[in-house]
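Encoded as structure tokens, the structure appears first; notes follow it.
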Amino acid sequence: MDTRVSETKEAKRIPQRVLIGKVGLDGHDRGAKYVAHILRDGGYEVIYTGIRRTPKQIVETAIQEDVAVIGLSLLSGAHKRLLQQVMDLLKERDASDIVVIAGGSIPSADIPDLKAMGIAEVFRPGVSSQSILETFASLVKARRPAA
Amino acid sequence: MTNDTQDLVEQVRAGTSQRVRATARLMSLVENYPERIPEFLVGAADWPQARMVIGLTGPPGCGKSVLADRLIRAFRTRNPHNSIGVIAVDPSSPFTGGAFLGDRLRMMRHASDPNVFIRSAATRGHIGGLLLGIKAFIRVLGLAGCRTVLIETVGVGQNETEIVDVADLVVVAIAPGHGDAVQLLKCGLMEVGDIFVVNKGDCEGAAQLYAQLLAVLRLNANGQGRRGADSCLVSALHGRGVEELVDLLEKRAADSEEAWRSRRRQTMVDDVKEAVLEEARQRLSRRLGTGPLATKDFTRILRGEITVPGFVDELLQQLTGTGEVKDHHGGG
Ligand SMILES: Nc1nc2c(ncn2[C@@H]2O[C@H](COP(=O)(O)OP(=O)(O)O)[C@@H](O)[C@H]2O)c(=O)[nH]1
Ligand SMILES: [Mg+2]
């Protein structure tokens with residue numbers, strides 16, 4: 001009868017919100033869409049922003065949508081500069097608690113630099129859906145101290 | 001950053017550099033902890049409110065998000081100093097609880113405009129709860145300085161169209177290629193619309209659909225004598241007809257602004273009443289579960305020793321007599 005009380009007693013699962021998008025000038029979004037759908041099926045609320053976004057658009061969207069994680073797909077080339085801009089803007093907006101993950105055709109030699117920049121994880125092409133879900137889950141969990 | 005409702009409210013109201021983040025955080029509180037929504041009513045009487053809350057609904061794929069993008073653009077151009085808030089609702093998957101929130105994709109050119117705040121929301125299973133949440137979203141956006149609020153929801157059935165109850169006026173969009181106007185406006189869309197839009201005016205069949213729409217609206221107006229609905233033919237993709245739609249919206253606002261304001265004020269009072277009843281219900285429920293009046297006492301009613309109202313009298317006396325009624329400040 002008293003459903004409301006029993007509902008609050010159960011540990012209510014709150015879906016995590018993530019932003020998936022693509023920065024830079026290159027065209028297709030197969031990789032980003034693939035990740036978005038894996039996450040959707042994994043119980044995440046995925047704000048999908050599409051291709052060719054600027055770092056500023058990504059950061060403002062992430063703040064308005066109050067996401068836990070930003071997942072960005074990039075092609076090698078301007079990836080370092082673009083990711084640095086995202087990190088700088090997050091800092092500027094006092095939002096460095098938002099986790100940033102990168103993916104795409106990023107040379108493995110660049111990964112240490114990206115991690116030093118504060119990028120939490122770098123997905124290489126061909127990464128399995130299971131490993132994507134595990135990575136997101138552990139990063140989200142690590143991010144949530146209070147609340 | 002703090003998670004305290006009143007701190008966040010102050011940050012939003014003060015319009016500091018933290019405003020956008022605080023607004024977003026407040027909305028997350030609403031979403032994640034709907035039981036805390038009553039906290040948003042405390043002191044809300046003097047919160048600034050939006051002038052116009054527009055519901056935009058219609059079948060999936062008819063172009064609501066593209067139209068929303070155009071409306072944002074038109075409102076921003078007409079009134080460069082006014083902010084606009086957008087709430088874009090998409091369904092959660094009933095199986096995984098996840099959601100693909102893609103409406104915003106169509107509005108990304110506004111992402112770095114500080115006068116546009118867009119928030120995507122998933123239905124999270126129950127529309128009833130969402131309804132409460134959307135009402136709180138609207139208030140938070142008003143507090144954040146939005147003069148106009150636009151709510152995009154998929155209109156495919158009664159439940160979904162309930163969300164537009166929280167809007168001052170409802171725009172129903174349909175598009176050619178998915179049946180005739182009568183079919184498209186089934187499922188309660190006909191009843192909720194103030195303005196009907198045929199979108200994709202550039203596509204084949206749009207003119208026919210618009211003619212059907214006009215015929216349906218005429219029939220409906222004759223039958224019910226309610227305020228006549230407006231209609232227009234637009235092509236959101238190409239931006240055609242959008243100015244006419246905004247003219248219609250502005251005209252409605254000019255005519256009804258006062259009525260909307262007082263309706264929203266009444267809604268707020270109703271929400272306070274609900275919150276008070278809920279709090280009382282929970283306190284009584286707690287007392288029944290654990291207090292001296294344990295469940296076995298209900299048998300006194302069954303045995304005919306006491307009536308239900310008499311029992312409740314005792315219960316209320318117990319509740320007030322034992323200090324369960326805490327001393328809350330700031331009521332009034
Ligand atoms: N031809 C044409 N296509 C449109 C128009 N408006 C939207 N679309 C397309 O219709 C599809 C669905 O649009 P969207 O806004 O996402 O629809 P929603 O599901 O109602 O929000 C997209 O591919 C749009 O490009 C229009 O006026 N004309
Ligand atoms: Mg949409």
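Residues are named by chain letter and number: chains run A, B, ... in the order of the structure tokens, numbers start at 1 in each chain, and ligands are numbered from 1 in the order shown.
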
Per DSSP on the backbone, what are the alpha helix (DSSP H) residues of region 142-185 of chain B, as a list in words?
-> Gly142, Leu143, Gln158, Asn159, Glu160, Thr161, Glu162, Ala181, Val182, Gln183 and Leu184 of chain B

Please identify all protein, DNA and RNA residues within 8 Å of ligand 1, counting only C-alpha atoms and all ligand atoms, and report them as a PDB file with N, CA, C and O atoms, in the first residue's frame.
```
ATOM      1  N   THR B  57       5.048  20.112 -28.692  1.00  0.00           N
ATOM      2  CA  THR B  57       4.906  18.661 -28.719  1.00  0.00           C
ATOM      3  C   THR B  57       4.455  18.195 -30.099  1.00  0.00           C
ATOM      4  O   THR B  57       4.104  19.009 -30.961  1.00  0.00           O
ATOM      5  N   GLY B  58       4.471  16.900 -30.306  1.00  0.00           N
ATOM      6  CA  GLY B  58       4.116  16.340 -31.609  1.00  0.00           C
ATOM      7  C   GLY B  58       4.831  15.008 -31.794  1.00  0.00           C
ATOM      8  O   GLY B  58       5.690  14.645 -30.992  1.00  0.00           O
ATOM      9  N   PRO B  59       4.461  14.286 -32.847  1.00  0.00           N
ATOM     10  CA  PRO B  59       5.036  12.956 -33.048  1.00  0.00           C
ATOM     11  C   PRO B  59       6.551  12.999 -33.243  1.00  0.00           C
ATOM     12  O   PRO B  59       7.082  14.026 -33.666  1.00  0.00           O
ATOM     13  N   PRO B  60       7.234  11.893 -32.936  1.00  0.00           N
ATOM     14  CA  PRO B  60       8.682  11.848 -33.129  1.00  0.00           C
ATOM     15  C   PRO B  60       9.038  12.112 -34.591  1.00  0.00           C
ATOM     16  O   PRO B  60       8.347  11.640 -35.490  1.00  0.00           O
ATOM     17  N   GLY B  61      10.073  12.883 -34.806  1.00  0.00           N
ATOM     18  CA  GLY B  61      10.567  13.094 -36.165  1.00  0.00           C
ATOM     19  C   GLY B  61       9.876  14.203 -36.938  1.00  0.00           C
ATOM     20  O   GLY B  61      10.237  14.472 -38.079  1.00  0.00           O
ATOM     21  N   CYS B  62       8.889  14.871 -36.327  1.00  0.00           N
ATOM     22  CA  CYS B  62       8.169  15.909 -37.080  1.00  0.00           C
ATOM     23  C   CYS B  62       8.961  17.214 -37.132  1.00  0.00           C
ATOM     24  O   CYS B  62       8.548  18.167 -37.798  1.00  0.00           O
ATOM     25  N   GLY B  63      10.086  17.266 -36.438  1.00  0.00           N
ATOM     26  CA  GLY B  63      10.942  18.452 -36.543  1.00  0.00           C
ATOM     27  C   GLY B  63      10.848  19.413 -35.364  1.00  0.00           C
ATOM     28  O   GLY B  63      11.193  20.583 -35.489  1.00  0.00           O
ATOM     29  N   LYS B  64      10.454  18.905 -34.192  1.00  0.00           N
ATOM     30  CA  LYS B  64      10.317  19.772 -33.020  1.00  0.00           C
ATOM     31  C   LYS B  64      11.649  20.404 -32.618  1.00  0.00           C
ATOM     32  O   LYS B  64      11.705  21.592 -32.300  1.00  0.00           O
ATOM     33  N   SER B  65      12.704  19.601 -32.626  1.00  0.00           N
ATOM     34  CA  SER B  65      13.988  20.136 -32.155  1.00  0.00           C
ATOM     35  C   SER B  65      14.543  21.175 -33.124  1.00  0.00           C
ATOM     36  O   SER B  65      15.087  22.195 -32.698  1.00  0.00           O
ATOM     37  N   VAL B  66      14.381  20.920 -34.408  1.00  0.00           N
ATOM     38  CA  VAL B  66      14.830  21.903 -35.399  1.00  0.00           C
ATOM     39  C   VAL B  66      14.007  23.182 -35.244  1.00  0.00           C
ATOM     40  O   VAL B  66      14.538  24.297 -35.288  1.00  0.00           O
ATOM     41  N   LEU B  67      12.722  23.019 -35.014  1.00  0.00           N
ATOM     42  CA  LEU B  67      11.860  24.176 -34.807  1.00  0.00           C
ATOM     43  C   LEU B  67      12.257  24.931 -33.534  1.00  0.00           C
ATOM     44  O   LEU B  67      12.278  26.170 -33.508  1.00  0.00           O
ATOM     45  N   ALA B  68      12.583  24.171 -32.492  1.00  0.00           N
ATOM     46  CA  ALA B  68      13.021  24.808 -31.247  1.00  0.00           C
ATOM     47  C   ALA B  68      14.262  25.656 -31.504  1.00  0.00           C
ATOM     48  O   ALA B  68      14.369  26.791 -31.025  1.00  0.00           O
ATOM     49  N   GLY B 102      19.037  13.401 -27.739  1.00  0.00           N
ATOM     50  CA  GLY B 102      19.594  13.956 -28.964  1.00  0.00           C
ATOM     51  C   GLY B 102      18.960  15.251 -29.439  1.00  0.00           C
ATOM     52  O   GLY B 102      19.326  15.781 -30.480  1.00  0.00           O
ATOM     53  N   ASP B 103      18.003  15.783 -28.661  1.00  0.00           N
ATOM     54  CA  ASP B 103      17.335  17.016 -29.112  1.00  0.00           C
ATOM     55  C   ASP B 103      18.317  18.173 -29.233  1.00  0.00           C
ATOM     56  O   ASP B 103      18.275  18.964 -30.159  1.00  0.00           O
ATOM     57  N   ARG B 106      20.388  19.502 -32.286  1.00  0.00           N
ATOM     58  CA  ARG B 106      19.853  20.429 -33.290  1.00  0.00           C
ATOM     59  C   ARG B 106      19.982  21.882 -32.855  1.00  0.00           C
ATOM     60  O   ARG B 106      19.657  22.779 -33.611  1.00  0.00           O
ATOM     61  N   GLU B 152      10.244  20.976 -24.971  1.00  0.00           N
ATOM     62  CA  GLU B 152       9.995  20.031 -26.057  1.00  0.00           C
ATOM     63  C   GLU B 152       9.720  18.649 -25.475  1.00  0.00           C
ATOM     64  O   GLU B 152      10.518  18.122 -24.712  1.00  0.00           O
ATOM     65  N   VAL B 154       7.890  14.643 -26.602  1.00  0.00           N
ATOM     66  CA  VAL B 154       7.294  13.822 -27.647  1.00  0.00           C
ATOM     67  C   VAL B 154       5.830  13.611 -27.300  1.00  0.00           C
ATOM     68  O   VAL B 154       5.503  13.223 -26.187  1.00  0.00           O
ATOM     69  N   ALA B 173       3.074  20.279 -33.207  1.00  0.00           N
ATOM     70  CA  ALA B 173       3.665  20.207 -34.548  1.00  0.00           C
ATOM     71  C   ALA B 173       3.374  18.849 -35.172  1.00  0.00           C
ATOM     72  O   ALA B 173       3.408  17.823 -34.489  1.00  0.00           O
ATOM     73  N   ASN B 199       4.831  21.309 -40.014  1.00  0.00           N
ATOM     74  CA  ASN B 199       6.239  21.543 -40.319  1.00  0.00           C
ATOM     75  C   ASN B 199       6.608  20.807 -41.606  1.00  0.00           C
ATOM     76  O   ASN B 199       5.811  20.051 -42.153  1.00  0.00           O
ATOM     77  N   LYS B 200       7.816  21.016 -42.044  1.00  0.00           N
ATOM     78  CA  LYS B 200       8.332  20.431 -43.286  1.00  0.00           C
ATOM     79  C   LYS B 200       7.505  20.916 -44.472  1.00  0.00           C
ATOM     80  O   LYS B 200       7.146  20.160 -45.365  1.00  0.00           O
ATOM     81  N   GLY B 201       7.191  22.214 -44.420  1.00  0.00           N
ATOM     82  CA  GLY B 201       6.421  22.845 -45.488  1.00  0.00           C
ATOM     83  C   GLY B 201       7.081  22.702 -46.844  1.00  0.00           C
ATOM     84  O   GLY B 201       6.432  22.865 -47.876  1.00  0.00           O
ATOM     85  N   ASP B 202       8.360  22.407 -46.826  1.00  0.00           N
ATOM     86  CA  ASP B 202       9.086  22.220 -48.086  1.00  0.00           C
ATOM     87  C   ASP B 202       8.869  20.829 -48.674  1.00  0.00           C
ATOM     88  O   ASP B 202       9.263  20.552 -49.805  1.00  0.00           O
ATOM     89  N   CYS B 203       8.246  19.934 -47.922  1.00  0.00           N
ATOM     90  CA  CYS B 203       8.103  18.548 -48.386  1.00  0.00           C
ATOM     91  C   CYS B 203       6.754  18.328 -49.081  1.00  0.00           C
ATOM     92  O   CYS B 203       5.779  19.038 -48.824  1.00  0.00           O
ATOM     93  N   VAL B 234       5.030  25.883 -41.593  1.00  0.00           N
ATOM     94  CA  VAL B 234       6.428  26.313 -41.511  1.00  0.00           C
ATOM     95  C   VAL B 234       7.364  25.285 -42.133  1.00  0.00           C
ATOM     96  O   VAL B 234       6.993  24.130 -42.344  1.00  0.00           O
ATOM     97  N   SER B 235       8.552  25.744 -42.415  1.00  0.00           N
ATOM     98  CA  SER B 235       9.625  24.829 -42.762  1.00  0.00           C
ATOM     99  C   SER B 235      10.778  25.163 -41.834  1.00  0.00           C
ATOM    100  O   SER B 235      11.524  26.102 -42.072  1.00  0.00           O
ATOM    101  N   ALA B 236      10.852  24.393 -40.745  1.00  0.00           N
ATOM    102  CA  ALA B 236      11.861  24.711 -39.727  1.00  0.00           C
ATOM    103  C   ALA B 236      13.263  24.620 -40.315  1.00  0.00           C
ATOM    104  O   ALA B 236      14.124  25.441 -40.022  1.00  0.00           O
ATOM    105  N   LEU B 237      13.465  23.626 -41.154  1.00  0.00           N
ATOM    106  CA  LEU B 237      14.791  23.409 -41.718  1.00  0.00           C
ATOM    107  C   LEU B 237      15.271  24.630 -42.486  1.00  0.00           C
ATOM    108  O   LEU B 237      16.439  24.994 -42.422  1.00  0.00           O
ATOM    109  N   HIS B 238      14.353  25.279 -43.182  1.00  0.00           N
ATOM    110  CA  HIS B 238      14.734  26.432 -43.991  1.00  0.00           C
ATOM    111  C   HIS B 238      14.349  27.753 -43.341  1.00  0.00           C
ATOM    112  O   HIS B 238      14.530  28.816 -43.921  1.00  0.00           O
ATOM    113  N   GLY B 239      13.777  27.670 -42.167  1.00  0.00           N
ATOM    114  CA  GLY B 239      13.446  28.888 -41.440  1.00  0.00           C
ATOM    115  C   GLY B 239      12.245  29.636 -41.999  1.00  0.00           C
ATOM    116  O   GLY B 239      12.042  30.797 -41.685  1.00  0.00           O
ATOM    117  N   ARG B 240      11.445  28.974 -42.791  1.00  0.00           N
ATOM    118  CA  ARG B 240      10.281  29.667 -43.367  1.00  0.00           C
ATOM    119  C   ARG B 240       9.061  29.523 -42.464  1.00  0.00           C
ATOM    120  O   ARG B 240       8.774  28.446 -41.955  1.00  0.00           O
TER     121      ARG B 240
END
```

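Note that CA of Val9 (chain B) and CA of Val140 (chain A) are 26.0 Å apart.
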
Skip Val67 (chain A) itself and residues of its chain fewer than 3 positions away, then list as a compact mmCIF listing (two decimals) with all heavy atoms, in the first residue's frame all residues within 6 Å of it, counting only C-alpha atoms.
```txt
# COMPACT_ATOMS: atom_id res chain seq x y z
N ARG A 17 24.71 11.01 -15.93
CA ARG A 17 24.61 11.75 -17.19
C ARG A 17 25.99 11.95 -17.79
O ARG A 17 26.94 12.30 -17.09
CB ARG A 17 23.95 13.11 -16.94
CG ARG A 17 22.49 12.95 -16.52
CD ARG A 17 21.95 14.21 -15.88
NE ARG A 17 21.89 15.33 -16.81
CZ ARG A 17 20.89 15.54 -17.65
NH1 ARG A 17 19.86 14.71 -17.68
NH2 ARG A 17 20.90 16.58 -18.45
N VAL A 18 26.11 11.71 -19.07
CA VAL A 18 27.38 11.89 -19.76
C VAL A 18 27.16 12.64 -21.07
O VAL A 18 26.08 12.58 -21.65
CB VAL A 18 28.08 10.54 -20.05
CG1 VAL A 18 28.39 9.80 -18.76
CG2 VAL A 18 27.22 9.66 -20.94
N ALA A 62 28.28 20.82 -21.27
CA ALA A 62 28.53 19.91 -20.15
C ALA A 62 28.08 20.54 -18.83
O ALA A 62 27.51 19.87 -17.97
CB ALA A 62 30.01 19.55 -20.08
```

Which residue out of A:Tyr48, A:Ile111, A:Tyr34, A:Pro125 has the minimum interatomic distance to ligand 2 when only C-alpha atoms and all ligand atoms are used?
-> A:Tyr48

Near chain A, which residues of chain B fall within 10 Å when you count only C-alpha atoms, and what do they look like as a ChimeraX atom specification?
-> /B:1-3,17-18,20-28,31-33,35,92-114,116-122,124,282,285-286

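Between CA of Ile301 (chain B) and CA of Leu315 (chain B) the interatomic distance comes to 13.1 Å.
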
Secondary structure check, strand (DSSP E) residues of chain A, as JSON, numbers by chain | {"A": [17, 18, 19, 20, 21, 22, 23, 45, 46, 47, 48, 49, 50, 51, 52, 53, 69, 70, 71, 72, 73, 74, 75, 99, 100, 101, 102, 103, 104, 105, 121, 122, 123]}

Figure out the distance between CA of Gly118 (chain A) and CA of Gln84 (chain A), please, to one decimal in Å.
->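 The value is 8.9 Å.
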
Would you please work out which residue, of B:Val86, B:Ala44, B:Thr153, B:Leu71, is nearest to ligand 2 when using only C-alpha atoms and all ligand atoms?
->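 Smallest separation from ligand 2 among the options: B:Thr153.
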
Could you give me, as an NGL selection string, the residues within 8 Å of Asp230 (chain B), counting only C-alpha atoms and dropping anything in the same chain fewer than 2 positions from it?
-> :B and (194-196 or 228 or 232 or 248)

With only C-alpha atoms and all ligand atoms as the atoms that count, which of B:Val198, B:Val89, B:Leu277, B:Ala45 lies nearest to ligand 2?
->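 Checking each candidate against ligand 2, we get B:Val89 as the closest.
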